[in-house]
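Peer 1: Next up, entry08.cif (mmCIF, C-alpha atoms).
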data_work
#
loop_
_atom_site.label_atom_id
_atom_site.label_comp_id
_atom_site.auth_asym_id
_atom_site.auth_seq_id
_atom_site.Cartn_x
_atom_site.Cartn_y
_atom_site.Cartn_z
CA MET J 1 -3.63 -8.50 18.46
CA HIS J 2 -3.26 -6.33 15.37
CA LYS J 3 -0.81 -7.39 12.71
CA ARG J 4 1.28 -5.07 10.57
CA ARG J 5 2.19 -5.90 6.97
CA GLY J 6 3.96 -2.93 5.47
CA ARG J 7 1.49 -0.05 5.83
CA VAL J 8 -1.38 -2.48 6.43
CA VAL J 9 -2.94 -3.02 9.86
CA GLU J 10 -5.19 -6.09 10.04
CA VAL J 11 -7.93 -5.81 12.66
CA GLU J 12 -9.95 -8.97 13.24
CA THR J 13 -11.84 -8.36 16.52
CA LEU J 14 -13.80 -5.56 18.13
CA GLU J 15 -11.31 -5.61 21.01
CA GLU J 16 -8.47 -4.88 18.58
CA PHE J 17 -10.49 -2.03 17.06
CA ASP J 18 -11.17 -0.47 20.48
CA ARG J 19 -7.55 -0.81 21.54
CA ARG J 20 -6.33 0.95 18.40
CA MET J 21 -8.92 3.69 18.72
CA SER J 22 -8.04 4.33 22.37
CA GLY J 23 -4.58 5.44 21.22
CA GLY J 24 -6.00 8.58 19.67
CA VAL J 25 -5.56 7.61 16.03
CA THR J 26 -6.85 10.06 13.44
CA SER J 27 -6.66 7.89 10.32
CA MET J 28 -7.62 4.32 9.42
CA THR J 29 -5.81 4.45 6.09
CA GLY J 30 -4.29 1.02 5.48
CA TRP J 31 -6.54 -0.76 7.97
CA HIS J 32 -8.11 -4.07 6.95
CA LEU J 33 -11.08 -4.80 9.21
CA GLN J 34 -12.49 -8.30 8.95
CA SER J 35 -15.92 -9.52 10.08
CA ILE J 36 -16.36 -7.06 12.96
CA ASP J 37 -19.65 -5.77 14.35
CA LEU J 38 -19.14 -1.98 14.27
CA SER J 39 -22.80 -1.13 14.79
CA GLY J 40 -21.97 0.42 18.16
CA ARG J 41 -18.93 2.38 16.97
CA SER J 42 -20.49 5.17 14.90
CA ASP J 43 -18.76 7.96 16.85
CA GLU J 44 -15.32 6.41 16.31
CA LEU J 45 -15.89 5.91 12.60
CA HIS J 46 -17.14 9.48 12.16
CA ARG J 47 -14.17 11.13 13.86
CA VAL J 48 -11.34 9.50 11.88
CA ARG J 49 -10.20 9.50 8.27
CA VAL J 50 -11.35 6.24 6.61
CA ALA J 51 -10.08 6.77 3.05
CA GLY J 52 -8.03 3.71 2.11
CA ALA J 53 -9.51 1.50 4.81
CA LEU J 54 -10.90 -1.90 3.76
CA PHE J 55 -13.97 -3.34 5.51
CA LEU J 56 -14.56 -7.05 4.85
CA GLY J 57 -17.96 -8.32 5.91
CA CYS J 58 -18.34 -5.84 8.77
CA THR J 59 -21.68 -4.82 10.32
CA PHE J 60 -22.55 -1.13 10.55
CA ALA J 61 -25.19 1.02 12.21
CA PRO J 62 -27.76 2.42 9.74
CA GLY J 63 -26.13 4.95 7.45
CA ASP J 64 -22.53 4.23 8.49
CA GLU J 65 -21.73 1.92 5.58
CA ASP J 66 -22.75 4.56 3.04
CA ASP J 67 -20.87 7.20 5.04
CA VAL J 68 -17.53 5.38 5.05
CA ARG J 69 -17.91 4.53 1.36
CA THR J 70 -18.53 8.20 0.58
CA ARG J 71 -15.41 9.15 2.51
CA GLY J 72 -13.20 6.79 0.53
CA ALA J 73 -13.31 3.43 2.30
CA ILE J 74 -13.78 0.17 0.42
CA VAL J 75 -16.55 -2.05 1.79
CA PHE J 76 -17.04 -5.71 0.88
CA PRO J 77 -20.53 -6.57 2.11
CA VAL J 78 -21.68 -9.79 3.73
CA VAL J 79 -22.85 -12.26 1.07
CA PRO J 80 -26.55 -12.95 1.82
CA ASP J 81 -28.00 -16.29 2.94
CA VAL J 82 -24.67 -17.98 3.66
CA PRO J 83 -24.33 -20.23 6.75
CA VAL J 84 -20.63 -19.43 7.21
CA ASP J 85 -18.78 -16.23 8.04
CA THR J 86 -17.04 -15.62 4.73
CA TYR J 87 -14.57 -13.21 6.34
CA ARG J 88 -13.80 -15.16 9.52
CA GLY J 89 -10.43 -14.46 11.11
CA THR J 90 -9.82 -17.75 12.93
CA LEU J 91 -9.85 -21.48 12.30
CA TYR J 92 -12.80 -23.58 13.40
CA SER J 93 -13.00 -25.50 16.65
CA PRO J 94 -14.72 -28.90 16.87
CA ALA J 95 -17.36 -27.43 19.18
CA GLU J 96 -18.16 -24.74 16.60
CA LEU J 97 -18.72 -27.24 13.78
CA TYR J 98 -20.69 -29.59 16.06
CA ASP J 99 -22.65 -26.75 17.61
CA THR J 100 -25.91 -28.62 18.13
CA ALA J 101 -27.48 -32.07 17.96
CA PRO J 102 -28.56 -34.02 16.01
CA TYR J 103 -25.76 -33.94 13.46
CA ASP J 104 -28.08 -32.92 10.60
CA ALA J 105 -28.78 -29.65 12.45
CA CYS J 106 -25.19 -28.70 13.29
CA LEU J 107 -23.13 -26.08 11.46
CA ASP J 108 -20.98 -28.64 9.64
CA ALA J 109 -24.01 -30.39 8.15
CA ARG J 110 -25.81 -27.12 7.34
CA VAL J 111 -22.81 -25.81 5.44
CA TYR J 112 -22.44 -29.05 3.50
CA ALA J 113 -26.12 -29.00 2.52
CA TRP J 114 -25.82 -25.34 1.43
CA SER J 115 -22.70 -26.11 -0.64
CA LYS J 116 -24.60 -28.68 -2.71
CA GLN J 117 -27.02 -26.15 -4.19
CA PRO J 118 -26.57 -25.00 -7.81
CA PRO J 119 -23.52 -22.72 -7.88
CA ASP J 120 -24.74 -19.22 -8.66
CA LEU J 121 -22.53 -16.13 -8.33
CA ASP J 122 -23.31 -15.56 -4.64
CA VAL J 123 -22.48 -19.16 -3.75
CA THR J 124 -19.17 -19.30 -5.60
CA LEU J 125 -18.15 -15.85 -4.33
CA ALA J 126 -18.93 -16.79 -0.73
CA GLN J 127 -16.96 -20.02 -1.00
CA ALA J 128 -13.93 -18.28 -2.51
CA LEU J 129 -13.97 -15.53 0.13
CA HIS J 130 -14.33 -18.10 2.91
CA ASP J 131 -11.41 -20.21 1.68
CA HIS J 132 -9.25 -17.09 1.34
CA ALA J 133 -10.09 -16.17 4.95
CA ILE J 134 -9.17 -19.68 6.11
CA ASP J 135 -5.84 -19.36 4.26
CA ASN J 136 -5.07 -16.20 6.22
CA ALA J 137 -6.17 -17.68 9.54
CA LEU J 138 -4.07 -20.79 8.96
CA GLY J 139 -1.04 -18.68 8.12
CA SER J 140 -1.33 -16.90 11.46
CA TRP J 141 -2.04 -20.11 13.40
CA ARG J 142 0.99 -22.02 12.14
CA THR J 143 3.53 -19.28 12.92
CA GLY J 144 6.20 -20.72 15.21
CA ARG J 145 4.98 -24.30 14.84
CA ARG J 146 6.79 -27.24 13.25
CA LEU J 147 4.14 -29.29 11.47
CA VAL J 148 4.35 -32.98 10.59
CA GLY J 149 1.64 -34.52 8.45
CA VAL J 150 0.00 -37.90 8.94
CA MET J 151 -1.89 -39.28 5.94
CA GLY J 152 -3.89 -42.48 5.82
CA GLY J 153 -7.17 -44.15 4.95
CA HIS J 154 -10.50 -42.63 6.03
CA ALA J 155 -12.17 -46.05 6.20
CA LEU J 156 -10.13 -47.26 9.16
CA GLN J 157 -12.45 -48.21 12.02
CA ARG J 158 -12.04 -47.46 15.68
CA GLY J 159 -11.08 -50.65 17.49
CA GLU J 160 -8.89 -51.95 14.68
CA PRO J 161 -5.16 -52.51 15.42
CA ALA J 162 -4.19 -50.08 12.63
CA TYR J 163 -6.29 -47.36 14.29
CA ALA J 164 -4.36 -47.85 17.53
CA ASP J 165 -1.09 -47.72 15.55
CA ALA J 166 -2.08 -44.37 14.04
CA ALA J 167 -2.99 -43.04 17.49
CA ASN J 168 0.36 -44.18 18.87
CA LEU J 169 2.08 -42.41 15.99
CA GLY J 170 0.23 -39.17 16.70
CA GLN J 171 1.16 -39.37 20.38
CA LEU J 172 4.83 -39.92 19.58
CA LEU J 173 5.06 -37.15 16.98
CA ALA J 174 3.27 -34.58 19.16
CA ALA J 175 6.10 -34.76 21.68
CA ASP J 176 8.14 -32.47 19.43
CA CYS J 177 5.95 -31.40 16.48
CA THR J 178 2.41 -30.26 15.76
CA VAL J 179 0.47 -33.04 14.05
CA ALA J 180 -1.51 -32.12 10.93
CA THR J 181 -3.98 -34.41 9.16
CA GLY J 182 -6.76 -34.24 6.61
CA GLY J 183 -9.10 -33.75 9.55
CA GLY J 184 -11.48 -36.57 8.74
CA PRO J 185 -12.27 -39.99 10.21
CA GLY J 186 -10.15 -43.16 10.19
CA ALA J 187 -6.38 -42.82 10.37
CA MET J 188 -6.71 -39.03 10.40
CA GLU J 189 -8.87 -39.07 13.51
CA ALA J 190 -6.57 -41.57 15.19
CA ALA J 191 -3.50 -39.40 14.63
CA ASN J 192 -5.27 -36.31 15.97
CA LEU J 193 -6.45 -38.36 18.97
CA GLY J 194 -2.89 -39.48 19.68
CA ALA J 195 -1.69 -35.90 19.46
CA TRP J 196 -4.40 -34.75 21.88
CA MET J 197 -3.22 -37.42 24.33
CA ALA J 198 0.48 -36.56 23.94
CA LYS J 199 0.89 -35.63 27.60
CA ARG J 200 -1.16 -38.58 28.86
CA THR J 201 0.01 -42.08 29.70
CA THR J 202 -0.25 -45.02 27.35
CA ASP J 203 -2.91 -46.41 29.69
CA ASP J 204 -4.96 -43.24 29.23
CA LEU J 205 -4.64 -43.54 25.47
CA GLN J 206 -5.74 -47.17 25.64
CA SER J 207 -8.73 -46.15 27.75
CA ALA J 208 -9.70 -43.57 25.13
CA LEU J 209 -9.33 -46.14 22.35
CA THR J 210 -11.55 -48.58 24.23
CA LYS J 211 -14.29 -45.99 24.71
CA LEU J 212 -14.18 -44.94 21.07
CA ALA J 213 -14.44 -48.53 19.87
CA GLU J 214 -18.02 -48.58 21.15
CA ALA J 215 -18.89 -46.36 18.15
CA PRO J 216 -16.47 -47.77 15.55
CA GLY J 217 -17.47 -45.74 12.49
CA PHE J 218 -19.40 -42.66 11.38
CA ARG J 219 -21.87 -44.85 9.51
CA PRO J 220 -24.74 -45.26 10.10
CA ASP J 221 -24.85 -42.56 12.82
CA ILE J 222 -22.47 -39.59 12.66
CA GLY J 223 -24.02 -38.18 15.83
CA GLU J 224 -23.19 -41.26 17.88
CA TRP J 225 -19.67 -41.38 16.41
CA ALA J 226 -19.03 -37.71 17.22
CA ALA J 227 -20.60 -37.96 20.69
CA ALA J 228 -18.13 -40.72 21.62
CA ALA J 229 -15.26 -38.41 20.68
CA PHE J 230 -16.62 -35.53 22.73
CA ASP J 231 -17.03 -37.89 25.71
CA VAL J 232 -13.32 -38.72 25.46
CA LEU J 233 -12.46 -35.01 25.22
CA GLU J 234 -14.49 -34.36 28.35
CA GLU J 235 -12.71 -37.14 30.24
CA PHE J 236 -9.26 -36.04 29.04
CA PRO J 237 -9.39 -32.22 28.75
CA ASP J 238 -6.56 -29.79 28.02
CA GLY J 239 -4.88 -31.91 25.39
CA THR J 240 -2.10 -31.02 22.97
CA SER J 241 -3.22 -28.98 19.99
CA SER J 242 -3.17 -30.36 16.47
CA LEU J 243 -4.49 -29.39 13.06
CA GLY J 244 -7.12 -30.84 10.77
CA ILE J 245 -7.62 -29.69 7.18
CA PRO J 246 -10.84 -31.28 5.88
CA THR J 247 -13.16 -30.20 3.08
CA TRP J 248 -16.88 -29.88 2.51
CA HIS J 249 -16.22 -31.45 -0.90
CA TYR J 250 -16.24 -34.69 1.06
CA GLY J 251 -19.00 -33.51 3.36
CA HIS J 252 -20.31 -37.03 3.83
CA GLU J 253 -17.08 -37.65 5.79
CA PRO J 254 -17.43 -35.60 8.98
CA PRO J 255 -14.53 -33.76 10.63
CA ASN J 256 -13.01 -35.44 13.65
CA ALA J 257 -13.25 -33.75 17.04
CA PHE J 258 -9.65 -34.40 18.11
CA ALA J 259 -8.11 -31.81 15.78
CA SER J 260 -8.27 -28.83 18.12
CA SER J 261 -7.97 -26.38 15.21
CA ILE J 262 -9.75 -27.05 11.92
CA ALA J 263 -9.05 -25.32 8.62
CA LYS J 264 -12.06 -26.49 6.65
CA TYR J 265 -12.22 -25.58 2.96
CA PHE J 266 -14.83 -25.77 0.24
CA ARG J 267 -12.38 -26.44 -2.59
CA ASN J 268 -10.71 -29.82 -2.26
CA ALA J 269 -7.85 -29.00 -4.64
CA THR J 270 -6.96 -25.98 -2.50
CA ARG J 271 -7.22 -28.01 0.67
CA GLU J 272 -4.97 -30.80 -0.61
CA ALA J 273 -2.27 -28.40 -1.77
CA ILE J 274 -2.34 -26.49 1.52
CA LEU J 275 -2.19 -29.69 3.58
CA LEU J 276 1.00 -30.81 1.86
CA GLN J 277 2.49 -27.32 1.88
CA VAL J 278 2.22 -26.66 5.61
CA CYS J 279 3.96 -29.90 6.70
CA ASP J 280 7.47 -28.51 6.88
CA ALA J 281 8.68 -31.33 9.18
CA GLY J 282 7.65 -33.97 6.65
CA ILE J 283 4.77 -36.38 6.14
CA VAL J 284 4.16 -39.91 7.37
CA PHE J 285 2.01 -41.99 5.03
CA LEU J 286 0.12 -44.83 6.71
CA PRO J 287 -1.38 -47.69 4.69
CA GLY J 288 -4.16 -46.37 2.50
CA ALA J 289 -5.70 -46.59 -0.96
CA GLY J 290 -6.49 -44.13 -3.75
CA GLY J 291 -6.53 -40.92 -1.72
CA THR J 292 -3.33 -41.70 0.14
CA VAL J 293 -1.57 -42.72 -3.09
CA GLN J 294 -2.60 -39.42 -4.66
CA GLU J 295 -1.15 -37.57 -1.65
CA ILE J 296 2.11 -39.51 -1.85
CA PHE J 297 2.75 -38.58 -5.45
CA GLN J 298 1.48 -35.03 -5.12
CA ASP J 299 4.03 -34.61 -2.33
CA ALA J 300 6.63 -36.47 -4.39
CA CYS J 301 6.12 -34.09 -7.30
CA GLU J 302 6.82 -31.10 -5.05
CA ASN J 303 9.98 -32.77 -3.73
CA TYR J 304 11.08 -33.94 -7.19
CA TYR J 305 11.44 -30.37 -8.43
CA ALA J 306 12.63 -28.84 -5.14
CA ASP J 307 16.21 -28.01 -4.28
CA GLU J 308 17.72 -29.83 -1.32
CA SER J 309 16.96 -27.05 1.14
CA SER J 310 13.25 -27.27 0.34
CA VAL J 311 12.73 -31.05 0.39
CA ALA J 312 10.30 -32.26 3.06
CA PRO J 313 10.87 -35.84 4.33
CA MET J 314 8.49 -38.60 3.25
CA VAL J 315 8.08 -41.69 5.42
CA LEU J 316 5.91 -44.60 4.21
CA VAL J 317 4.80 -47.07 6.90
CA GLY J 318 4.14 -50.69 5.95
CA VAL J 319 6.65 -52.55 3.79
CA GLU J 320 4.19 -55.23 2.69
CA HIS J 321 1.45 -52.71 1.94
CA TRP J 322 3.55 -50.25 -0.08
CA THR J 323 5.60 -52.87 -1.98
CA ARG J 324 2.94 -55.53 -2.68
CA THR J 325 -0.64 -54.56 -1.77
CA VAL J 326 -0.38 -51.05 -3.23
CA PRO J 327 3.13 -50.96 -4.76
CA ALA J 328 3.74 -47.23 -4.60
CA TRP J 329 7.23 -47.63 -3.15
CA PRO J 330 9.00 -48.96 -6.27
CA LEU J 331 7.74 -46.01 -8.35
CA LEU J 332 8.54 -43.51 -5.60
CA GLY J 333 12.05 -44.95 -5.28
CA ALA J 334 12.56 -44.73 -9.03
CA LEU J 335 11.48 -41.10 -9.07
CA ALA J 336 13.73 -40.22 -6.14
CA ALA J 337 16.86 -41.92 -7.49
CA GLY J 338 19.62 -39.41 -8.07
CA ARG J 339 17.50 -36.45 -6.99
CA PRO J 340 17.99 -34.25 -3.90
CA MET J 341 14.91 -35.94 -2.43
CA GLU J 342 16.45 -39.44 -2.46
CA PRO J 343 17.94 -39.40 1.08
CA HIS J 344 14.69 -37.95 2.44
CA VAL J 345 12.40 -40.76 1.26
CA HIS J 346 11.98 -43.69 3.65
CA LEU J 347 10.08 -46.99 3.94
CA VAL J 348 9.65 -48.46 7.42
CA ASP J 349 7.51 -51.16 8.96
CA THR J 350 6.32 -49.60 12.23
CA VAL J 351 4.99 -46.28 13.46
CA GLU J 352 7.73 -46.24 16.09
CA GLU J 353 10.36 -46.28 13.35
CA ALA J 354 8.52 -43.53 11.50
CA ALA J 355 8.33 -41.28 14.58
CA GLU J 356 12.01 -41.85 15.36
CA LEU J 357 12.97 -40.85 11.83
CA VAL J 358 10.92 -37.65 11.86
CA LEU J 359 11.90 -36.55 15.36
CA ARG J 360 15.63 -36.94 14.84
CA LEU J 361 15.63 -34.71 11.76
CA PRO J 362 17.10 -31.25 12.39
CA GLN J 363 14.65 -28.36 12.69
CA PRO J 364 14.68 -25.90 9.80
#
Would it be possible to restate this file's structure as structure tokens?

Peer 2:
Amino acid sequence: MHKRRGRVVEVETLEEFDRRMSGGVTSMTGWHLQSIDLSGRSDELHRVRVAGALFLGCTFAPGDEDDVRTRGAIVFPVVPDVPVDTYRGTLYSPAELYDTAPYDACLDARVYAWSKQPPDLDVTLAQALHDHAIDNALGSWRTGRRLVGVMGGHALQRGEPAYADAANLGQLLAADCTVATGGGPGAMEAANLGAWMAKRTTDDLQSALTKLAEAPGFRPDIGEWAAAAFDVLEEFPDGTSSLGIPTWHYGHEPPNAFASSIAKYFRNATREAILLQVCDAGIVFLPGAGGTVQEIFQDACENYYADESSVAPMVLVGVEHWTRTVPAWPLLGALAAGRPMEPHVHLVDTVEEAAELVLRLPQP
């Protein structure tokens, strides 16, 4: 489907290109074409005006790239020797990132290894272009969705009671919202699992949890850990969609397979800001440590300076954890006092309470 933005027409697939061309257009002025193989469309390119068109990482038949440049188009070439499509128009799927076994050979691992090389101009340019493309794809994907974030520790193991709690939370929230997480292991995986199983019974969810517990963590074998997840997906297909937003900055922490759509970034700072920004229905913070505390106060800072219409609810789960073990709640309460955010900040003891709070809030 092509998308209009003012005089701009974004074309992200060959099918979109053919559909537009079949209408007898004579000019591509204002078209933005992204990562399309046009090597078989020389006749179409030659017959229309291309001045003002923008080609991002497209493939051309010999001579066509120079021809459209000469006639006034702007062409951003493919950056060489990059394992990712820097101009991709969609989010990743789990199957795309885990495209082959063993894990060291799959796309996710290859990209992480490539990202660790010394950052020359081509590397930094490719990463920036890729993250910009993911931004655009995520913007399209989230249209019409009400997103609720679930944050929590990556070290949580399958089989632990807290993992089951996070899965239960994801299942409850997905009844009315789209669940979004950091896309990694631990509590993030559990919440995406629960969301995937939103239309299944509690017995089905328990069965999935039992199977996953046979491979409790991604260390020492990411392949075995991921394979257990794909086995569950095969047994329980056609689940409810959810979002994961991981980063290759933490490439040693693999993405979980239960986030059906994955916005994976190179820059962690960009990823963290986007993750908090997209959760318009609020964020539930499960017990965690340094990373979760950072997310709490990064979110709190946004809410602290927001007007009341822009405040997103914050729900911390675990009274003992957030008041004694990691006493973030007293500081958060002090910051919220007297601000528009104060009535939107909550501390509860169970995931059921957290889900009830989020789901009863009015939709924006």

Peer 1: Quick one: which residues end up in the PyMOL selection byres ((chain J and resi 235) around 12) for this structure, as a list in words?

Peer 2: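 Selected by the PyMOL selection byres ((chain J and resi 235) around 12) in this file: Met197, Arg200, Asp204, Leu205, Ser207, Ala208, Lys211, Ala228, Ala229, Phe230, Asp231, Val232, Leu233, Glu234, Phe236, Pro237, Asp238 and Gly239 of chain J.
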
Peer 1: Kindly export the residues of the current selection with C-alpha atoms, as a PDB file, keeping the file's coordinate frame.

Peer 2:
ATOM      1  CA  MET J 197      -3.220 -37.420  24.330  1.00  0.00           C
ATOM      2  CA  ARG J 200      -1.160 -38.580  28.860  1.00  0.00           C
ATOM      3  CA  ASP J 204      -4.960 -43.240  29.230  1.00  0.00           C
ATOM      4  CA  LEU J 205      -4.640 -43.540  25.470  1.00  0.00           C
ATOM      5  CA  SER J 207      -8.730 -46.150  27.750  1.00  0.00           C
ATOM      6  CA  ALA J 208      -9.700 -43.570  25.130  1.00  0.00           C
ATOM      7  CA  LYS J 211     -14.290 -45.990  24.710  1.00  0.00           C
ATOM      8  CA  ALA J 228     -18.130 -40.720  21.620  1.00  0.00           C
ATOM      9  CA  ALA J 229     -15.260 -38.410  20.680  1.00  0.00           C
ATOM     10  CA  PHE J 230     -16.620 -35.530  22.730  1.00  0.00           C
ATOM     11  CA  ASP J 231     -17.030 -37.890  25.710  1.00  0.00           C
ATOM     12  CA  VAL J 232     -13.320 -38.720  25.460  1.00  0.00           C
ATOM     13  CA  LEU J 233     -12.460 -35.010  25.220  1.00  0.00           C
ATOM     14  CA  GLU J 234     -14.490 -34.360  28.350  1.00  0.00           C
ATOM     15  CA  PHE J 236      -9.260 -36.040  29.040  1.00  0.00           C
ATOM     16  CA  PRO J 237      -9.390 -32.220  28.750  1.00  0.00           C
ATOM     17  CA  ASP J 238      -6.560 -29.790  28.020  1.00  0.00           C
ATOM     18  CA  GLY J 239      -4.880 -31.910  25.390  1.00  0.00           C
TER      19      GLY J 239
END

Peer 1: Run the PyMOL selection byres ((chain J and resi 348) around 7) mentally over the shown coordinates, then write out the matched residues as number ranges by chain, using the chain letters and numbers from the document.

Peer 2: J: 316-319, 346-347, 349-350, 353-354

Peer 1: Expanded to explicit residues, what is the PyMOL selection byres ((chain J and resi 15) around 12) for this file, as a VMD selection string?

Peer 2: chain J and resid 1 to 2 11 to 14 16 to 22 33 36 to 38 41

Peer 1: Just to confirm, what's the straight-line distance from atom CA of Tyr163 of chain J to atom CA of Ile134 of chain J in Å (one decimal)?

Peer 2: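 Between atom CA of Tyr163 of chain J and atom CA of Ile134 of chain J the gap is 29.0 Å.
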
Peer 1: Rounded to one decimal in Å, what is the spacing between atom CA of Gly57 of chain J and atom CA of Ala269 of chain J?

Peer 2: 25.3 Å

Peer 1: Pick the closest to Phe60 of chain J from J:Ile74, J:Ala289, J:Leu193, J:Leu45: which is it, counting only C-alpha atoms?

Peer 2: J:Leu45

Peer 1: How many Å separate atom CA of Ala175 of chain J from atom CA of Gly244 of chain J?

Peer 2: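 So the answer is 17.6 Å.
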
Peer 1: Quick one: 3 Å padding each side, axis-aligned, all listed atoms of segment 250-263 of chain J - centre and edge lengths in Å to one decimal, as AutoDock Vina command-line options?

Peer 2:
--center_x -14.1 --center_y -31.5 --center_z 9.6 --size_x 18.3 --size_y 18.3 --size_z 23.1

Peer 1: Missing atoms in segment 322-337 of chain J need filling: write out N, CA and C atoms for it as a compact mmCIF listing (two decimals), in the frame of the given file.

Peer 2:
# COMPACT_ATOMS: atom_id res chain seq x y z
N TRP J 322 3.10 -51.17 0.95
CA TRP J 322 3.55 -50.25 -0.08
C TRP J 322 4.45 -50.90 -1.14
N THR J 323 4.83 -52.18 -0.94
CA THR J 323 5.60 -52.87 -1.98
C THR J 323 4.77 -53.93 -2.71
N ARG J 324 3.72 -54.45 -2.06
CA ARG J 324 2.94 -55.53 -2.68
C ARG J 324 1.45 -55.18 -2.82
N THR J 325 0.81 -54.83 -1.71
CA THR J 325 -0.64 -54.56 -1.77
C THR J 325 -0.94 -53.36 -2.67
N VAL J 326 -0.29 -52.26 -2.41
CA VAL J 326 -0.38 -51.05 -3.23
C VAL J 326 1.07 -50.63 -3.50
N PRO J 327 1.67 -51.11 -4.57
CA PRO J 327 3.13 -50.96 -4.76
C PRO J 327 3.56 -49.56 -5.19
N ALA J 328 3.33 -48.61 -4.32
CA ALA J 328 3.74 -47.23 -4.60
C ALA J 328 5.24 -47.04 -4.38
N TRP J 329 5.83 -47.85 -3.50
CA TRP J 329 7.23 -47.63 -3.15
C TRP J 329 8.20 -47.80 -4.32
N PRO J 330 8.06 -48.83 -5.16
CA PRO J 330 9.00 -48.96 -6.27
C PRO J 330 9.00 -47.73 -7.19
N LEU J 331 7.81 -47.19 -7.50
CA LEU J 331 7.74 -46.01 -8.35
C LEU J 331 8.32 -44.79 -7.64
N LEU J 332 8.00 -44.64 -6.34
CA LEU J 332 8.54 -43.51 -5.60
C LEU J 332 10.07 -43.58 -5.54
N GLY J 333 10.60 -44.79 -5.31
CA GLY J 333 12.05 -44.95 -5.28
C GLY J 333 12.69 -44.63 -6.61
N ALA J 334 12.02 -45.02 -7.70
CA ALA J 334 12.56 -44.73 -9.03
C ALA J 334 12.57 -43.24 -9.30
N LEU J 335 11.53 -42.54 -8.89
CA LEU J 335 11.48 -41.10 -9.07
C LEU J 335 12.57 -40.39 -8.25
N ALA J 336 12.80 -40.89 -7.05
CA ALA J 336 13.73 -40.22 -6.14
C ALA J 336 15.19 -40.46 -6.50
N ALA J 337 15.47 -41.54 -7.23
CA ALA J 337 16.86 -41.92 -7.49
C ALA J 337 17.65 -40.80 -8.15
